[in-house]
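Source file: data_39.txt (compact mmCIF, C-alpha atoms)
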# COMPACT_ATOMS: atom_id res chain seq x y z
CA MET A 6 -4.28 -21.30 -20.36
CA ALA A 7 -2.01 -18.29 -20.75
CA SER A 8 1.34 -18.35 -18.95
CA ILE A 9 1.79 -15.71 -16.25
CA TRP A 10 4.98 -14.59 -18.04
CA GLU A 11 2.87 -13.27 -20.93
CA TYR A 12 1.94 -10.37 -18.64
CA ALA A 13 5.61 -9.43 -18.46
CA ASN A 14 5.11 -8.10 -21.98
CA PRO A 15 4.29 -4.38 -21.47
CA ARG A 16 1.82 -4.34 -24.37
CA LYS A 17 -0.09 -7.34 -22.99
CA PHE A 18 0.02 -5.90 -19.47
CA MET A 19 -1.38 -2.56 -20.67
CA SER A 20 -4.20 -4.18 -22.64
CA VAL A 21 -5.27 -6.51 -19.81
CA THR A 22 -5.05 -3.87 -17.06
CA ASP A 23 -6.95 -1.39 -19.23
CA ARG A 24 -9.91 -3.79 -19.02
CA VAL A 25 -9.65 -4.98 -15.40
CA LEU A 26 -8.57 -1.77 -13.63
CA PRO A 27 -12.01 -0.04 -13.63
CA TRP A 28 -13.58 -3.19 -12.12
CA ILE A 29 -10.95 -3.51 -9.40
CA ALA A 30 -11.18 0.21 -8.59
CA GLY A 31 -15.00 0.03 -8.45
CA LEU A 32 -15.00 -3.06 -6.22
CA SER A 33 -12.41 -1.43 -3.99
CA ALA A 34 -14.54 1.70 -3.56
CA ILE A 35 -17.64 -0.38 -2.76
CA ALA A 36 -15.83 -2.60 -0.23
CA LEU A 37 -14.09 0.35 1.43
CA VAL A 38 -17.20 2.51 1.76
CA ALA A 39 -19.38 -0.42 2.92
CA GLY A 40 -16.77 -1.78 5.34
CA LEU A 41 -15.88 1.55 6.91
CA ALA A 42 -19.53 2.65 7.15
CA TRP A 43 -20.48 -0.71 8.72
CA GLY A 44 -17.63 -0.50 11.21
CA PHE A 45 -18.06 3.17 12.07
CA PHE A 46 -21.85 3.48 12.23
CA LEU A 47 -23.20 0.01 12.96
CA THR A 48 -20.85 -1.69 15.42
CA PRO A 49 -21.02 -1.26 19.21
CA ASP A 50 -18.27 0.04 21.49
CA ASP A 51 -15.88 -2.46 23.02
CA TYR A 52 -16.43 -3.04 26.75
CA ARG A 53 -12.79 -2.13 27.52
CA GLN A 54 -11.69 0.14 24.68
CA GLY A 55 -14.92 2.09 24.21
CA SER A 56 -15.40 3.74 20.81
CA THR A 57 -11.64 3.62 20.03
CA VAL A 58 -12.24 0.08 18.77
CA LYS A 59 -13.57 1.72 15.57
CA ILE A 60 -9.97 2.62 14.70
CA ILE A 61 -9.37 -1.10 14.06
CA TYR A 62 -11.08 -0.80 10.64
CA LEU A 63 -8.29 1.47 9.43
CA HIS A 64 -5.34 0.39 11.54
CA VAL A 65 -5.38 -3.38 10.92
CA PRO A 66 -5.98 -3.29 7.12
CA ALA A 67 -3.37 -0.54 6.67
CA ALA A 68 -0.79 -2.46 8.73
CA LEU A 69 -1.58 -5.62 6.80
CA MET A 70 -1.04 -3.85 3.48
CA ALA A 71 2.14 -2.16 4.72
CA ILE A 72 3.70 -5.58 5.34
CA ASN A 73 2.18 -7.40 2.37
CA GLY A 74 2.95 -4.49 0.06
CA TRP A 75 6.62 -4.96 0.84
CA LEU A 76 6.31 -8.73 0.31
CA MET A 77 4.67 -8.06 -3.07
CA MET A 78 7.64 -5.78 -3.90
CA LEU A 79 9.95 -8.61 -2.81
CA ALA A 80 8.25 -11.08 -5.18
CA ALA A 81 8.42 -8.57 -8.05
CA SER A 82 12.07 -7.78 -7.26
CA LEU A 83 12.98 -11.47 -7.29
CA VAL A 84 11.28 -11.85 -10.68
CA TRP A 85 13.36 -8.91 -11.93
CA LEU A 86 16.62 -10.31 -10.55
CA VAL A 87 16.00 -13.80 -11.94
CA ARG A 88 14.13 -13.20 -15.20
CA ARG A 89 14.85 -9.51 -15.98
CA HIS A 90 11.24 -8.61 -16.78
CA HIS A 91 10.95 -4.82 -16.71
CA VAL A 92 7.25 -4.85 -15.82
CA SER A 93 8.01 -6.61 -12.52
CA ALA A 94 10.68 -4.06 -11.55
CA LEU A 95 8.29 -1.22 -12.45
CA ALA A 96 5.47 -2.85 -10.46
CA ALA A 97 7.73 -2.96 -7.40
CA ARG A 98 8.58 0.71 -7.92
CA ALA A 99 4.88 1.56 -8.34
CA ALA A 100 3.93 -0.24 -5.12
CA ALA A 101 6.44 1.54 -2.87
CA PRO A 102 4.60 4.88 -2.34
CA VAL A 103 1.34 3.00 -1.76
CA GLY A 104 3.00 0.78 0.84
CA ALA A 105 4.66 3.79 2.44
CA VAL A 106 1.29 5.55 2.85
CA MET A 107 -0.17 2.36 4.35
CA THR A 108 2.71 2.30 6.84
CA VAL A 109 2.12 5.95 7.77
CA ILE A 110 -1.60 5.28 8.30
CA ALA A 111 -0.78 2.25 10.50
CA LEU A 112 1.73 4.29 12.54
CA LEU A 113 -0.54 7.35 12.92
CA THR A 114 -3.73 5.46 13.75
CA GLY A 115 -1.70 3.30 16.13
CA ALA A 116 -0.39 6.38 17.92
CA ILE A 117 -3.86 7.96 18.07
CA TRP A 118 -5.29 4.68 19.41
CA GLY A 119 -2.39 4.11 21.79
CA GLN A 120 -2.63 7.46 23.53
CA PRO A 121 -5.97 6.84 25.30
CA MET A 122 -5.40 3.07 25.73
CA TRP A 123 -1.73 2.91 26.76
CA GLY A 124 -1.31 6.48 27.98
CA THR A 125 1.37 7.21 25.39
CA TRP A 126 1.57 8.05 21.68
CA TRP A 127 4.69 6.00 21.17
CA ALA A 128 6.78 3.33 22.85
CA TRP A 129 9.91 1.55 21.66
CA ASP A 130 7.92 -1.66 21.53
CA PRO A 131 9.19 -4.43 19.15
CA ARG A 132 6.25 -4.16 16.74
CA LEU A 133 6.12 -0.35 16.70
CA THR A 134 9.88 -0.08 16.25
CA SER A 135 10.03 -2.64 13.44
CA PHE A 136 7.16 -0.80 11.72
CA LEU A 137 9.03 2.49 11.96
CA ILE A 138 12.12 0.83 10.44
CA LEU A 139 9.92 -0.63 7.68
CA PHE A 140 8.71 2.91 6.92
CA LEU A 141 12.33 4.11 6.70
CA PHE A 142 13.05 1.25 4.29
CA TYR A 143 10.12 2.39 2.13
CA LEU A 144 11.56 5.91 2.05
CA GLY A 145 15.04 4.60 1.26
CA TYR A 146 13.66 2.42 -1.54
CA ILE A 147 11.76 5.34 -3.13
CA ALA A 148 14.79 7.63 -2.79
CA LEU A 149 17.12 5.04 -4.37
CA TRP A 150 14.88 4.68 -7.42
CA ALA A 151 14.81 8.46 -7.79
CA ALA A 152 18.56 8.87 -7.32
CA ILE A 153 19.78 6.53 -10.09
CA GLU A 154 19.27 7.59 -13.67
CA ASP A 155 19.85 4.24 -15.37
CA GLY A 156 16.63 2.23 -14.97
CA ASP A 157 18.21 -1.24 -14.94
CA THR A 158 20.85 -0.28 -12.37
CA ALA A 159 18.16 1.32 -10.20
CA ALA A 160 16.06 -1.85 -10.47
CA ASP A 161 19.07 -4.01 -9.48
CA LEU A 162 20.00 -1.93 -6.44
CA THR A 163 16.45 -1.38 -5.21
CA SER A 164 15.80 -5.12 -5.54
CA VAL A 165 18.72 -5.85 -3.23
CA LEU A 166 17.45 -3.20 -0.79
CA CYS A 167 14.03 -4.85 -0.96
CA LEU A 168 15.54 -8.22 -0.03
CA VAL A 169 17.21 -6.68 3.03
CA GLY A 170 14.06 -4.78 4.04
CA SER A 171 12.02 -7.98 3.92
CA VAL A 172 13.56 -8.95 7.25
CA PHE A 173 11.83 -5.94 8.83
CA ALA A 174 8.58 -6.58 6.97
CA LEU A 175 8.50 -10.06 8.53
CA LEU A 176 9.68 -8.76 11.90
CA SER A 177 6.79 -6.23 11.85
CA ARG A 178 4.41 -9.16 11.54
CA TYR A 179 6.00 -11.53 14.03
CA ALA A 180 7.77 -9.18 16.49
CA VAL A 181 5.11 -9.72 19.15
CA ASN A 182 5.58 -13.50 18.94
CA PHE A 183 9.40 -13.35 18.81
CA TRP A 184 9.94 -11.09 21.82
CA ASN A 185 6.69 -11.60 23.68
CA GLN A 186 7.01 -8.19 25.32
CA GLY A 187 5.98 -4.57 24.73
CA LEU A 188 2.63 -2.83 24.68
CA HIS A 189 1.26 -4.08 21.36
CA GLN A 190 -1.11 -7.05 21.44
CA GLY A 191 -0.82 -10.12 19.21
CA ALA A 192 -2.60 -10.52 15.87
CA SER A 193 -6.25 -9.38 15.73
CA LEU A 194 -7.01 -12.00 13.10
CA SER A 195 -6.02 -15.61 13.42
CA LEU A 196 -6.96 -19.01 12.01
CA ASP A 197 -7.65 -19.94 15.61
CA LYS A 198 -11.19 -18.61 16.25
CA GLU A 199 -10.50 -18.23 19.98
CA GLU A 200 -7.84 -15.58 19.29
CA ASN A 201 -9.96 -13.53 16.88
CA VAL A 202 -11.80 -10.34 17.71
CA ALA A 203 -15.53 -10.83 18.39
CA ASP A 204 -17.73 -11.58 15.37
CA VAL A 205 -19.47 -8.20 15.60
CA PHE A 206 -16.11 -6.53 14.79
CA TYR A 207 -14.70 -9.38 12.71
CA PHE A 208 -17.01 -9.27 9.66
CA PRO A 209 -16.81 -5.51 8.97
CA LEU A 210 -13.05 -5.81 9.53
CA LEU A 211 -12.84 -8.54 6.87
CA LEU A 212 -14.74 -6.29 4.45
CA CYS A 213 -12.37 -3.38 5.18
CA ILE A 214 -9.37 -5.66 4.61
CA ALA A 215 -10.85 -6.75 1.26
CA GLY A 216 -11.33 -3.05 0.41
CA PHE A 217 -7.73 -2.18 1.29
CA VAL A 218 -6.36 -5.15 -0.69
CA LEU A 219 -8.36 -4.12 -3.77
CA PHE A 220 -7.42 -0.46 -3.24
CA PHE A 221 -3.73 -1.42 -3.10
CA LEU A 222 -4.08 -3.58 -6.22
CA ALA A 223 -5.92 -0.87 -8.17
CA LEU A 224 -3.36 1.79 -7.30
CA VAL A 225 -0.39 -0.48 -8.04
CA LEU A 226 -1.86 -1.37 -11.46
CA LEU A 227 -2.56 2.31 -12.24
CA ARG A 228 0.92 3.36 -11.13
CA THR A 229 2.61 0.46 -12.97
CA ARG A 230 0.88 1.58 -16.16
CA THR A 231 2.26 5.06 -15.53
CA GLU A 232 5.78 3.69 -14.94
CA ILE A 233 5.60 1.67 -18.19
CA ARG A 234 4.59 4.80 -20.11
CA ALA A 235 7.31 6.85 -18.42
CA ARG A 236 9.93 4.23 -19.32
CA ARG A 237 8.78 4.18 -22.97
CA MET A 238 8.89 7.98 -23.04
CA ARG A 239 12.47 8.01 -21.71
CA ALA A 240 13.48 5.42 -24.32
CA LEU A 241 11.93 7.42 -27.19
CA MET A 242 13.54 10.63 -26.01
CA ALA A 243 16.92 8.92 -25.74
CA ARG A 244 16.50 7.71 -29.36
CA GLU A 245 15.62 11.26 -30.42
CA ARG A 246 18.76 12.60 -28.81
CA MET A 247 20.92 9.98 -30.53
CA ALA A 248 19.35 10.57 -33.97
CA MET B 17 -26.96 8.96 12.42
CA MET B 18 -23.63 9.90 14.01
CA PRO B 19 -22.72 7.24 16.58
CA GLU B 20 -22.13 8.27 20.20
CA LEU B 21 -18.33 8.22 20.49
CA GLY B 22 -18.14 9.53 24.05
CA LYS B 23 -14.87 10.77 25.49
CA TYR B 24 -12.85 9.17 22.67
CA ALA B 25 -14.60 11.12 19.88
CA GLY B 26 -11.50 13.22 19.21
CA ALA B 27 -9.25 10.18 18.83
CA VAL B 28 -11.66 8.22 16.60
CA LEU B 29 -12.55 11.15 14.34
CA SER B 30 -8.94 12.29 13.96
CA ALA B 31 -7.85 8.72 13.05
CA TYR B 32 -10.51 8.60 10.31
CA ALA B 33 -9.78 12.13 9.09
CA VAL B 34 -6.02 11.60 8.82
CA SER B 35 -6.35 8.19 7.14
CA LEU B 36 -8.99 9.22 4.61
CA ALA B 37 -7.05 12.39 3.77
CA LEU B 38 -3.87 10.38 3.14
CA LEU B 39 -5.74 7.88 0.95
CA ALA B 40 -7.36 10.72 -1.01
CA VAL B 41 -4.01 12.47 -1.57
CA LEU B 42 -2.47 9.18 -2.77
CA VAL B 43 -5.31 8.59 -5.25
CA LEU B 44 -5.28 12.16 -6.58
CA TRP B 45 -1.49 12.21 -6.91
CA SER B 46 -1.49 8.85 -8.76
CA LEU B 47 -4.27 9.99 -11.13
CA TRP B 48 -2.57 13.34 -11.77
CA ARG B 49 0.77 11.70 -12.55
CA ALA B 50 -0.90 9.06 -14.77
CA LYS B 51 -2.62 11.80 -16.79
CA ARG B 52 0.53 13.91 -17.05
CA VAL B 53 2.79 11.03 -18.18
CA LYS B 54 0.17 9.76 -20.66
CA ALA B 55 -0.10 13.22 -22.25
CA ALA B 56 3.69 13.62 -22.39
CA LEU B 57 4.13 10.19 -24.03
CA GLU B 58 1.44 10.98 -26.62
CA LYS B 59 3.29 14.19 -27.44
CA VAL B 60 6.61 12.37 -27.92
CA GLU B 61 4.96 9.64 -30.00
CA ALA B 62 3.18 12.22 -32.17
CA ARG B 63 6.50 13.99 -32.76
CA ARG B 64 8.13 10.66 -33.63
CA ASN B 65 5.31 9.68 -36.01
CA GLY B 66 5.60 13.08 -37.67
CA GLN B 67 9.26 12.38 -38.39
CA ASP B 68 8.56 8.95 -39.98

Let me see the file written as structure tokens.
Amino acid sequence: MASIWEYANPRKFMSVTDRVLPWIAGLSAIALVAGLAWGFFLTPDDYRQGSTVKIIYLHVPAALMAINGWLMMLAASLVWLVRRHHVSALAARAAAPVGAVMTVIALLTGAIWGQPMWGTWWAWDPRLTSFLILFLFYLGYIALWAAIEDGDTAADLTSVLCLVGSVFALLSRYAVNFWNQGLHQGASLSLDKEENVADVFYFPLLLCIAGFVLFFLALVLLRTRTEIRARRMRALMARERMA
Amino acid sequence: MMPELGKYAGAVLSAYAVSLALLAVLVLWSLWRAKRVKAALEKVEARRNGQD
């Protein structure tokens, strides 16, 4: 069995992802279209929330990927800091814009959902506030990568920023439990069946989550491939200048 | 085929429109950048191979 560290070799990473990326992208498209169509067209209204419950199929998967995207960046950053594999640092960089868009979708759909249900677009609720701070961390992370010319220094500094931001990624997930106050409800999905949404919403939601996870993975692989090529291009051009 | 969304139609449809538009922009931007960087690298590599 191949060691996972083999994929830290850019050449190996490019050859493997060249084969698997079309499959992941295809599966992602199928799961997203099927899940969203099932949720939008074939599920009933909620007895309290009416048709706004259909927003759950975008809001929950996007929020989940916003948090887990940052945790994936954390894992990749730790690999960079400990083992100095460039592919992991570039994967973290590639994931940031995807995670940022997921955070924006979670914030916007939350505001659109909150207005009719809570009577307000926004409240300084623990979960909403920690999500907004997470979004600012995403922006800061992207800006820091862009601001530093030396790739290794940028990877070092952004990795440290990622470690700090992880506090807010975890707070976004557990804020409701920590403070037990604010407008936002607890988790929609739980290992405890009693706390879950009703089955009629649960299964299309699971499919949408699978679609968002695969979508995130496909985009991160595509963007990591781009970052690897961009890094090689910068290295070749630097050699040209020195010659 | 369109489900009856009632008085919340505006909220539901705008949530879907905004989200799908953002996802589409992200995909198109990523594909455009991938294509551009790949072409630029091929150009640099061709120049380098020409020098060898």

For this session: Output the contact residues of chain B with respect to chain A at a cut-off of 8 Å, based on all atoms listed in the file, as a PyMOL selection string.
Result: chain B and resi 17-19+21-22+24-25+27-28+30-32+34-35+38-39+42-43+46-47+49-50+53-54+56-57+60-61

Mind giving me the axis-aligned box for stretch 117-130 of chain A with 5 Å on every side, centre plus edges in Å to one decimal, as AutoDock Vina command-line options?
--center_x 2.0 --center_y 3.2 --center_z 23.0 --size_x 25.9 --size_y 19.7 --size_z 19.9

For this session: Figure out the distance between atom CA of A:Trp150 and atom CA of B:Arg64, please, to one decimal in Å.
Result: 27.7 Å

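Using all atoms listed in the file, the nearest neighbour of A:Leu112 within the list A:Ser177, A:Ser171, A:Thr158, A:Ser82 is A:Ser177.
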
For this session: Please provide the set of residues having any atom within 9 Å of A:Leu86, restricted to all atoms listed in the file, with same-chain residues fewer than 4 positions apart removed, written as an NGL selection string.
Result: :A and (81-82 or 90 or 94 or 160-161 or 164-165)

Problem set entry | Long-range neighbours of A:Leu212 as an MDAnalysis selection string, 12 Å cut-off, all atoms listed in the file, 5 positions minimum in chain | chainID A and resid 32:44 62:63 65:66 206:207 217:219

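What separates atom CA of A:Pro15 from atom CA of A:Val92 is a distance of 6.4 Å.
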
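Distance annotation: of A:Leu95, A:Ala101, A:Val205, A:Ala159, the residue with the minimal separation from A:Trp75 is A:Ala101; atom set is all atoms listed in the file.
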